[in-house]
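Structure file upload29.txt (compact mmCIF, C-alpha atoms) follows.
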```txt
# COMPACT_ATOMS: atom_id res chain seq x y z
CA MET A 16 5.98 -22.78 12.23
CA ASN A 17 5.86 -23.46 15.99
CA GLU A 18 2.75 -22.72 18.05
CA LYS A 19 4.07 -19.44 19.45
CA LYS A 20 4.97 -18.06 16.01
CA LYS A 21 1.66 -19.32 14.62
CA ALA A 22 -0.31 -17.50 17.35
CA ASN A 23 1.72 -14.32 16.79
CA HIS A 24 1.09 -14.46 13.03
CA GLN A 25 -2.62 -15.25 13.35
CA SER A 26 -3.28 -12.50 15.88
CA TYR A 27 -1.29 -10.01 13.79
CA GLU A 28 -3.32 -10.83 10.67
CA LEU A 29 -6.63 -10.61 12.53
CA ILE A 30 -5.85 -7.21 14.08
CA ARG A 31 -4.38 -5.86 10.83
CA ASP A 32 -7.45 -6.99 8.85
CA LYS A 33 -9.79 -5.39 11.39
CA ILE A 34 -7.91 -2.10 10.92
CA LEU A 35 -7.79 -2.36 7.12
CA SER A 36 -11.50 -3.25 6.88
CA GLY A 37 -12.43 -0.29 9.10
CA GLU A 38 -13.85 -2.54 11.85
CA LEU A 39 -11.23 -0.99 14.13
CA ALA A 40 -11.75 2.61 13.04
CA SER A 41 -9.17 5.39 12.92
CA GLY A 42 -8.49 6.75 16.39
CA THR A 43 -9.71 3.60 18.22
CA LYS A 44 -7.76 2.98 21.45
CA ILE A 45 -5.93 -0.35 21.34
CA THR A 46 -5.71 -2.35 24.57
CA GLU A 47 -4.03 -5.73 24.91
CA GLU A 48 -6.63 -7.08 27.33
CA LYS A 49 -9.67 -6.23 25.19
CA LEU A 50 -8.10 -7.60 21.98
CA ALA A 51 -7.00 -10.78 23.78
CA ASN A 52 -10.57 -11.32 25.04
CA ASP A 53 -12.20 -10.42 21.71
CA LEU A 54 -9.88 -12.59 19.59
CA GLY A 55 -9.36 -15.48 22.02
CA PHE A 56 -5.57 -15.18 22.31
CA SER A 57 -3.30 -14.76 25.32
CA ARG A 58 -1.81 -11.31 25.81
CA THR A 59 1.70 -12.30 24.62
CA PRO A 60 0.87 -12.75 20.90
CA ILE A 61 -1.40 -9.69 21.06
CA ARG A 62 1.49 -7.65 22.50
CA GLU A 63 3.81 -8.85 19.71
CA SER A 64 1.16 -8.06 17.08
CA ILE A 65 0.68 -4.54 18.41
CA ARG A 66 4.47 -4.03 18.32
CA ARG A 67 4.59 -5.14 14.69
CA LEU A 68 1.64 -2.93 13.71
CA GLU A 69 3.33 0.02 15.46
CA TYR A 70 6.46 -0.71 13.40
CA GLU A 71 4.34 -0.72 10.23
CA GLY A 72 2.68 2.54 11.27
CA LEU A 73 -0.91 1.28 11.60
CA ILE A 74 -0.94 1.81 15.37
CA VAL A 75 0.44 5.06 16.79
CA LYS A 76 0.57 5.77 20.54
CA LYS A 77 -1.76 2.81 21.24
CA LYS A 78 -4.40 4.08 18.81
CA VAL A 79 -5.35 3.06 15.27
CA LEU A 80 -3.67 5.47 12.85
CA LYS A 81 -5.78 8.51 12.11
CA PRO A 82 -3.97 10.01 9.11
CA THR A 83 -3.14 13.69 9.37
CA GLU A 84 -2.09 15.89 6.48
CA LYS A 85 1.53 15.51 7.60
CA ASN A 86 1.21 11.68 7.67
CA LEU A 87 -0.15 11.71 4.14
CA ARG A 88 2.50 14.06 2.80
CA ASP A 89 5.35 12.17 4.49
CA ILE A 90 4.22 8.76 3.22
CA PHE A 91 3.57 9.90 -0.34
CA GLN A 92 6.84 11.83 -0.47
CA VAL A 93 8.72 8.59 0.29
CA ARG A 94 6.65 6.69 -2.28
CA MET A 95 7.24 9.33 -4.96
CA LEU A 96 10.99 9.19 -4.45
CA LEU A 97 11.23 5.40 -4.35
CA GLU A 98 8.58 4.39 -6.87
CA SER A 99 9.62 6.95 -9.50
CA HIS A 100 13.15 5.51 -9.27
CA ALA A 101 11.68 2.00 -9.55
CA ALA A 102 9.65 3.00 -12.62
CA LYS A 103 12.81 4.35 -14.26
CA ASN A 104 14.60 1.05 -13.63
CA ALA A 105 11.57 -0.93 -14.80
CA ALA A 106 11.81 0.85 -18.15
CA THR A 107 15.30 -0.63 -18.45
CA TYR A 108 14.95 -4.06 -16.89
CA ALA A 109 11.30 -5.16 -17.24
CA SER A 110 11.03 -8.45 -19.14
CA GLN A 111 8.27 -9.29 -21.60
CA GLU A 112 6.69 -11.34 -18.83
CA ASP A 113 6.69 -8.26 -16.57
CA LEU A 114 5.17 -6.13 -19.33
CA ASP A 115 2.43 -8.70 -19.94
CA ALA A 116 1.65 -8.75 -16.20
CA LEU A 117 1.49 -4.93 -16.06
CA LEU A 118 -0.88 -4.90 -19.05
CA ARG A 119 -3.14 -7.46 -17.36
CA CYS A 120 -3.28 -5.17 -14.30
CA VAL A 121 -4.31 -2.25 -16.51
CA GLU A 122 -7.03 -4.32 -18.24
CA THR A 123 -8.37 -5.56 -14.90
CA GLY A 124 -8.45 -1.96 -13.68
CA LYS A 125 -10.77 -1.12 -16.56
CA ASN A 126 -13.15 -4.06 -16.28
CA GLY A 127 -12.71 -5.80 -12.91
CA SER A 128 -14.79 -5.92 -9.74
CA TYR A 129 -13.82 -3.77 -6.74
CA GLU A 130 -11.73 -6.59 -5.22
CA GLU A 131 -10.06 -7.35 -8.57
CA ILE A 132 -9.22 -3.67 -9.12
CA MET A 133 -7.73 -3.45 -5.60
CA GLU A 134 -5.55 -6.51 -6.28
CA ALA A 135 -4.54 -5.29 -9.76
CA ASN A 136 -3.59 -1.86 -8.36
CA GLU A 137 -1.39 -3.47 -5.71
CA ARG A 138 0.17 -5.88 -8.21
CA PHE A 139 0.90 -3.09 -10.71
CA HIS A 140 2.94 -1.11 -8.18
CA GLN A 141 4.49 -4.30 -6.76
CA ILE A 142 5.88 -5.40 -10.14
CA ILE A 143 7.45 -1.98 -10.71
CA VAL A 144 8.97 -1.82 -7.21
CA GLN A 145 10.49 -5.30 -7.69
CA LYS A 146 12.14 -4.05 -10.89
CA SER A 147 14.03 -1.39 -8.91
CA GLY A 148 16.54 -4.14 -8.17
CA ASN A 149 17.19 -2.34 -4.88
CA GLU A 150 16.55 -4.43 -1.75
CA VAL A 151 16.28 -1.37 0.50
CA ILE A 152 13.57 0.15 -1.73
CA ILE A 153 11.72 -3.17 -1.91
CA ASP A 154 11.91 -3.65 1.88
CA THR A 155 10.86 -0.05 2.65
CA ILE A 156 7.80 -0.22 0.38
CA ASP A 157 6.95 -3.69 1.71
CA ARG A 158 6.97 -2.36 5.28
CA MET A 159 4.56 0.40 4.18
CA GLN A 160 2.11 -2.00 2.47
CA SER A 161 -0.58 -1.88 5.16
CA ILE A 162 -0.68 1.93 5.17
CA ILE A 163 -0.52 2.00 1.36
CA TYR A 164 -3.52 -0.37 1.34
CA LEU A 165 -5.55 2.14 3.37
CA PHE A 166 -4.88 4.89 0.83
CA ARG A 167 -5.38 2.51 -2.12
CA ARG A 168 -8.81 1.62 -0.72
CA THR A 169 -9.62 5.35 -0.58
CA VAL A 170 -8.68 6.11 -4.20
CA VAL A 171 -10.43 2.98 -5.53
CA SER A 172 -13.56 3.26 -3.30
CA TYR A 173 -14.08 6.92 -4.14
CA ASP A 174 -13.31 6.26 -7.82
CA ARG A 175 -10.45 8.73 -8.30
CA PRO A 176 -10.61 10.11 -11.86
CA PHE A 177 -8.04 8.89 -14.41
CA LEU A 178 -6.46 6.35 -12.02
CA ILE A 179 -6.38 3.51 -14.57
CA GLU A 180 -5.51 5.80 -17.48
CA GLU A 181 -2.41 6.90 -15.54
CA HIS A 182 -1.44 3.25 -14.98
CA GLU A 183 -1.76 2.69 -18.72
CA GLU A 184 0.51 5.67 -19.49
CA ILE A 185 3.12 4.38 -17.01
CA TYR A 186 2.90 0.90 -18.59
CA GLN A 187 3.38 2.38 -22.08
CA ALA A 188 6.42 4.41 -20.99
CA ILE A 189 7.98 1.29 -19.41
CA ARG A 190 7.15 -0.80 -22.51
CA ASN A 191 8.71 1.88 -24.77
CA ARG A 192 11.84 2.00 -22.54
CA GLU A 193 11.30 5.71 -21.81
CA MET A 194 13.05 5.86 -18.44
CA ASP A 195 12.64 9.52 -17.52
CA LYS A 196 9.05 9.62 -18.75
CA ALA A 197 8.15 6.51 -16.69
CA ALA A 198 9.69 8.12 -13.58
CA GLU A 199 7.87 11.42 -14.09
CA LEU A 200 4.53 9.71 -14.79
CA MET A 201 4.84 7.65 -11.60
CA ARG A 202 5.70 10.73 -9.54
CA SER A 203 2.74 12.61 -11.03
CA HIS A 204 0.41 9.62 -10.48
CA LEU A 205 1.28 9.44 -6.77
CA GLN A 206 1.01 13.22 -6.40
CA LYS A 207 -2.55 12.97 -7.73
CA ASP A 208 -3.29 10.15 -5.25
CA LEU A 209 -2.00 12.42 -2.48
CA ASP A 210 -4.05 15.41 -3.67
CA PHE A 211 -7.18 13.23 -3.82
CA CYS A 212 -6.64 11.84 -0.30
CA LEU A 213 -5.99 15.36 1.06
CA HIS A 214 -9.18 16.61 -0.59
CA LEU A 215 -11.18 13.85 1.15
CA LEU A 216 -9.40 14.50 4.46
CA HIS A 217 -10.39 18.17 4.39
CA ASN A 218 -13.98 17.45 3.35
```
Show me this structure written as structure tokens.
Amino acid sequence: MNEKKKANHQSYELIRDKILSGELASGTKITEEKLANDLGFSRTPIRESIRRLEYEGLIVKKKVLKPTEKNLRDIFQVRMLLESHAAKNAATYASQEDLDALLRCVETGKNGSYEEIMEANERFHQIIVQKSGNEVIIDTIDRMQSIIYLFRRTVVSYDRPFLIEEHEEIYQAIRNREMDKAAELMRSHLQKDLDFCLHLLHN
């Protein structure tokens, strides 16, 4: 990686992590000059980082994303469509190795620390999306990962009821090769995530 690409990548990761950690709060105005001074980079890599974060949806109109009800509904609608399809395919194509990995995610969700549960939640959905076998689905979900992380942090931090139990049901449907059931359980699981996030947004 040349120096320019390295600076672009480092500044992107620093800004993204500040947004995801809440250090750059929702609604914060983003300015190239201030970020360049704060992070010790020239304005060129900062500009490229902002562009990338705009593409990923974390920065909107030069401000840190402040999710509205429409944002939430739009994002979860896409996830429901794509991840339910992926779950259906996973019930056909998941290997024993995939099933073992999904089960480990479920077990970690029951007994892990906050950080471990966050990682297991991400990995669980990641394995299923990969099993879609569809590069467009994989790429679309990958591009949404930063925004998905924000919502994942919400449902884990606020301890959404039955989150891990739903993962276990999805795992069992995939293990039992019940394609339609796996798809419906995934759709229902994400609908409950959406409802929970909307409840917090309105309160």
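Computed from the coordinates, the CA of Leu200 in chain A to CA of Glu71 in chain A distance equals 27.1 Å.
With distances taken over all atoms listed in the file, A:Met95 is the one residue among A:Ile153, A:Leu68, A:Ala109, A:Met95 lying closest to Leu205 in chain A.
In this structure, CA of Val170 in chain A sits 15.5 Å away from CA of Val121 in chain A.
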Expected residue set, 10 Å radius at (0.2, -11.1, 16.1), all atoms listed in the file, as a PyMOL selection string: chain A and resi 19-31+56+58-68
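The protein and nucleic acid residues lying at most 10 Å from Lys207 in chain A are Val170, Arg175, Pro176, Phe177, Leu178, Glu181, Met201 and Leu213 of chain A, with all atoms listed in the file considered and sequence neighbours fewer than 6 positions away removed.
The interatomic distance for the pair CA of Glu130 in chain A and CA of Thr169 in chain A works out to 13.0 Å.
Shortest atom-to-atom contact with Ile142 in chain A among A:Glu199, A:Glu112, A:Asp210, A:Glu184: A:Glu112, counting all atoms listed in the file.
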Given all atoms listed in the file as the basis, pick out the residue of A:Ala101, A:Leu87, A:Ile185, A:Ala51 nearest to Asp208 in chain A. A:Leu87
Within 10 Å of Glu84 in chain A, counting all atoms listed in the file, which residues show up once you throw out same-chain ones fewer than 6 positions away? Write them as a PDB file with C-alpha atoms, in the coordinates of the input, please.
```
ATOM      1  CA  LEU A 209      -2.000  12.420  -2.480  1.00  0.00           C
ATOM      2  CA  CYS A 212      -6.640  11.840  -0.300  1.00  0.00           C
ATOM      3  CA  LEU A 213      -5.990  15.360   1.060  1.00  0.00           C
ATOM      4  CA  LEU A 216      -9.400  14.500   4.460  1.00  0.00           C
ATOM      5  CA  HIS A 217     -10.390  18.170   4.390  1.00  0.00           C
TER       6      HIS A 217
END
```
Could you give me, as a PDB file with C-alpha atoms, keeping the file's coordinate frame, the residues that sit within 12 Å of (-10.4, 1.2, 13.6) in the file's coordinates, counting all atoms listed in the file?
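Now in out_39.pdb:
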```pdb
ATOM      1  CA  ILE A  30      -5.850  -7.210  14.080  1.00  0.00           C
ATOM      2  CA  ARG A  31      -4.380  -5.860  10.830  1.00  0.00           C
ATOM      3  CA  ASP A  32      -7.450  -6.990   8.850  1.00  0.00           C
ATOM      4  CA  LYS A  33      -9.790  -5.390  11.390  1.00  0.00           C
ATOM      5  CA  ILE A  34      -7.910  -2.100  10.920  1.00  0.00           C
ATOM      6  CA  LEU A  35      -7.790  -2.360   7.120  1.00  0.00           C
ATOM      7  CA  SER A  36     -11.500  -3.250   6.880  1.00  0.00           C
ATOM      8  CA  GLY A  37     -12.430  -0.290   9.100  1.00  0.00           C
ATOM      9  CA  GLU A  38     -13.850  -2.540  11.850  1.00  0.00           C
ATOM     10  CA  LEU A  39     -11.230  -0.990  14.130  1.00  0.00           C
ATOM     11  CA  ALA A  40     -11.750   2.610  13.040  1.00  0.00           C
ATOM     12  CA  SER A  41      -9.170   5.390  12.920  1.00  0.00           C
ATOM     13  CA  GLY A  42      -8.490   6.750  16.390  1.00  0.00           C
ATOM     14  CA  THR A  43      -9.710   3.600  18.220  1.00  0.00           C
ATOM     15  CA  LYS A  44      -7.760   2.980  21.450  1.00  0.00           C
ATOM     16  CA  ILE A  45      -5.930  -0.350  21.340  1.00  0.00           C
ATOM     17  CA  LEU A  73      -0.910   1.280  11.600  1.00  0.00           C
ATOM     18  CA  ILE A  74      -0.940   1.810  15.370  1.00  0.00           C
ATOM     19  CA  VAL A  75       0.440   5.060  16.790  1.00  0.00           C
ATOM     20  CA  LYS A  77      -1.760   2.810  21.240  1.00  0.00           C
ATOM     21  CA  LYS A  78      -4.400   4.080  18.810  1.00  0.00           C
ATOM     22  CA  VAL A  79      -5.350   3.060  15.270  1.00  0.00           C
ATOM     23  CA  LEU A  80      -3.670   5.470  12.850  1.00  0.00           C
ATOM     24  CA  LYS A  81      -5.780   8.510  12.110  1.00  0.00           C
ATOM     25  CA  PRO A  82      -3.970  10.010   9.110  1.00  0.00           C
ATOM     26  CA  LEU A 165      -5.550   2.140   3.370  1.00  0.00           C
TER      27      LEU A 165
END
```
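For the set A:Asn136, A:Asp113, A:His214, A:Leu118, the residue with the smallest atom-to-atom gap to Val171 in chain A is A:Asn136, counting only C-alpha atoms.
Distances from A:Ser147, A:Asn218, A:Asn191, A:Ser172 to Tyr108 in chain A were compared using all atoms listed in the file, and the smallest one belongs to A:Ser147.
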Any idea what's packed within 12 Å of His100 in chain A, counting all atoms listed in the file, ignoring anything in its chain fewer than 6 positions away? Could you give it as a list in words? Val93, Arg94, Ala106, Thr107, Ile143, Val144, Gln145, Lys146, Ser147, Gly148, Asn149, Ile152, Ile153, Met194, Asp195, Lys196, Ala197, Ala198, Glu199, Leu200, Met201 and Arg202 of chain A
Residue with the minimum atom-to-atom distance to Arg167 in chain A, picked from A:Ala188, A:Cys120, A:Leu50, A:Ala135 with all atoms listed in the file counted, is A:Ala135
Near-Arg119 in chain A list (10 Å; all atoms listed in the file; drop same-chain fewer than 4 positions) as a list in words: Asp113, Leu114, Asp115, Thr123, Gly124, Lys125, Ala135, Arg138 and Phe139 of chain A
When you get a chance, write out N, CA, C and O atoms for range 86-99 of chain A, as a tab-separated table (two decimals), in the coordinates of the input.
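After the write, result_5.tsv holds the following:
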```tsv
chain	number	residue	atom	x	y	z
A	86	ASN	N	1.04	13.11	7.95
A	86	ASN	CA	1.21	11.68	7.67
A	86	ASN	C	1.14	11.41	6.18
A	86	ASN	O	1.99	10.73	5.60
A	87	LEU	N	0.07	11.93	5.58
A	87	LEU	CA	-0.15	11.71	4.14
A	87	LEU	C	1.02	12.23	3.32
A	87	LEU	O	1.55	11.53	2.45
A	88	ARG	N	1.40	13.45	3.59
A	88	ARG	CA	2.50	14.06	2.80
A	88	ARG	C	3.81	13.29	2.99
A	88	ARG	O	4.54	13.05	2.03
A	89	ASP	N	4.10	12.90	4.22
A	89	ASP	CA	5.35	12.17	4.49
A	89	ASP	C	5.39	10.83	3.75
A	89	ASP	O	6.39	10.47	3.12
A	90	ILE	N	4.27	10.09	3.84
A	90	ILE	CA	4.22	8.76	3.22
A	90	ILE	C	4.31	8.87	1.71
A	90	ILE	O	5.07	8.14	1.06
A	91	PHE	N	3.55	9.77	1.12
A	91	PHE	CA	3.57	9.90	-0.34
A	91	PHE	C	4.88	10.47	-0.85
A	91	PHE	O	5.32	10.13	-1.96
A	92	GLN	N	5.53	11.31	-0.06
A	92	GLN	CA	6.84	11.83	-0.47
A	92	GLN	C	7.84	10.68	-0.62
A	92	GLN	O	8.60	10.61	-1.60
A	93	VAL	N	7.83	9.77	0.35
A	93	VAL	CA	8.72	8.59	0.29
A	93	VAL	C	8.36	7.74	-0.93
A	93	VAL	O	9.23	7.31	-1.70
A	94	ARG	N	7.07	7.50	-1.12
A	94	ARG	CA	6.65	6.69	-2.28
A	94	ARG	C	7.05	7.33	-3.60
A	94	ARG	O	7.49	6.65	-4.52
A	95	MET	N	6.87	8.64	-3.71
A	95	MET	CA	7.24	9.33	-4.96
A	95	MET	C	8.72	9.16	-5.27
A	95	MET	O	9.11	8.88	-6.41
A	96	LEU	N	9.55	9.33	-4.26
A	96	LEU	CA	10.99	9.19	-4.45
A	96	LEU	C	11.36	7.76	-4.87
A	96	LEU	O	12.09	7.56	-5.84
A	97	LEU	N	10.83	6.79	-4.13
A	97	LEU	CA	11.23	5.40	-4.35
A	97	LEU	C	10.57	4.80	-5.59
A	97	LEU	O	11.23	4.11	-6.38
A	98	GLU	N	9.28	5.03	-5.76
A	98	GLU	CA	8.58	4.39	-6.87
A	98	GLU	C	8.87	5.04	-8.21
A	98	GLU	O	8.81	4.38	-9.25
A	99	SER	N	9.21	6.33	-8.22
A	99	SER	CA	9.62	6.95	-9.50
A	99	SER	C	10.97	6.37	-9.94
A	99	SER	O	11.18	6.08	-11.12
```
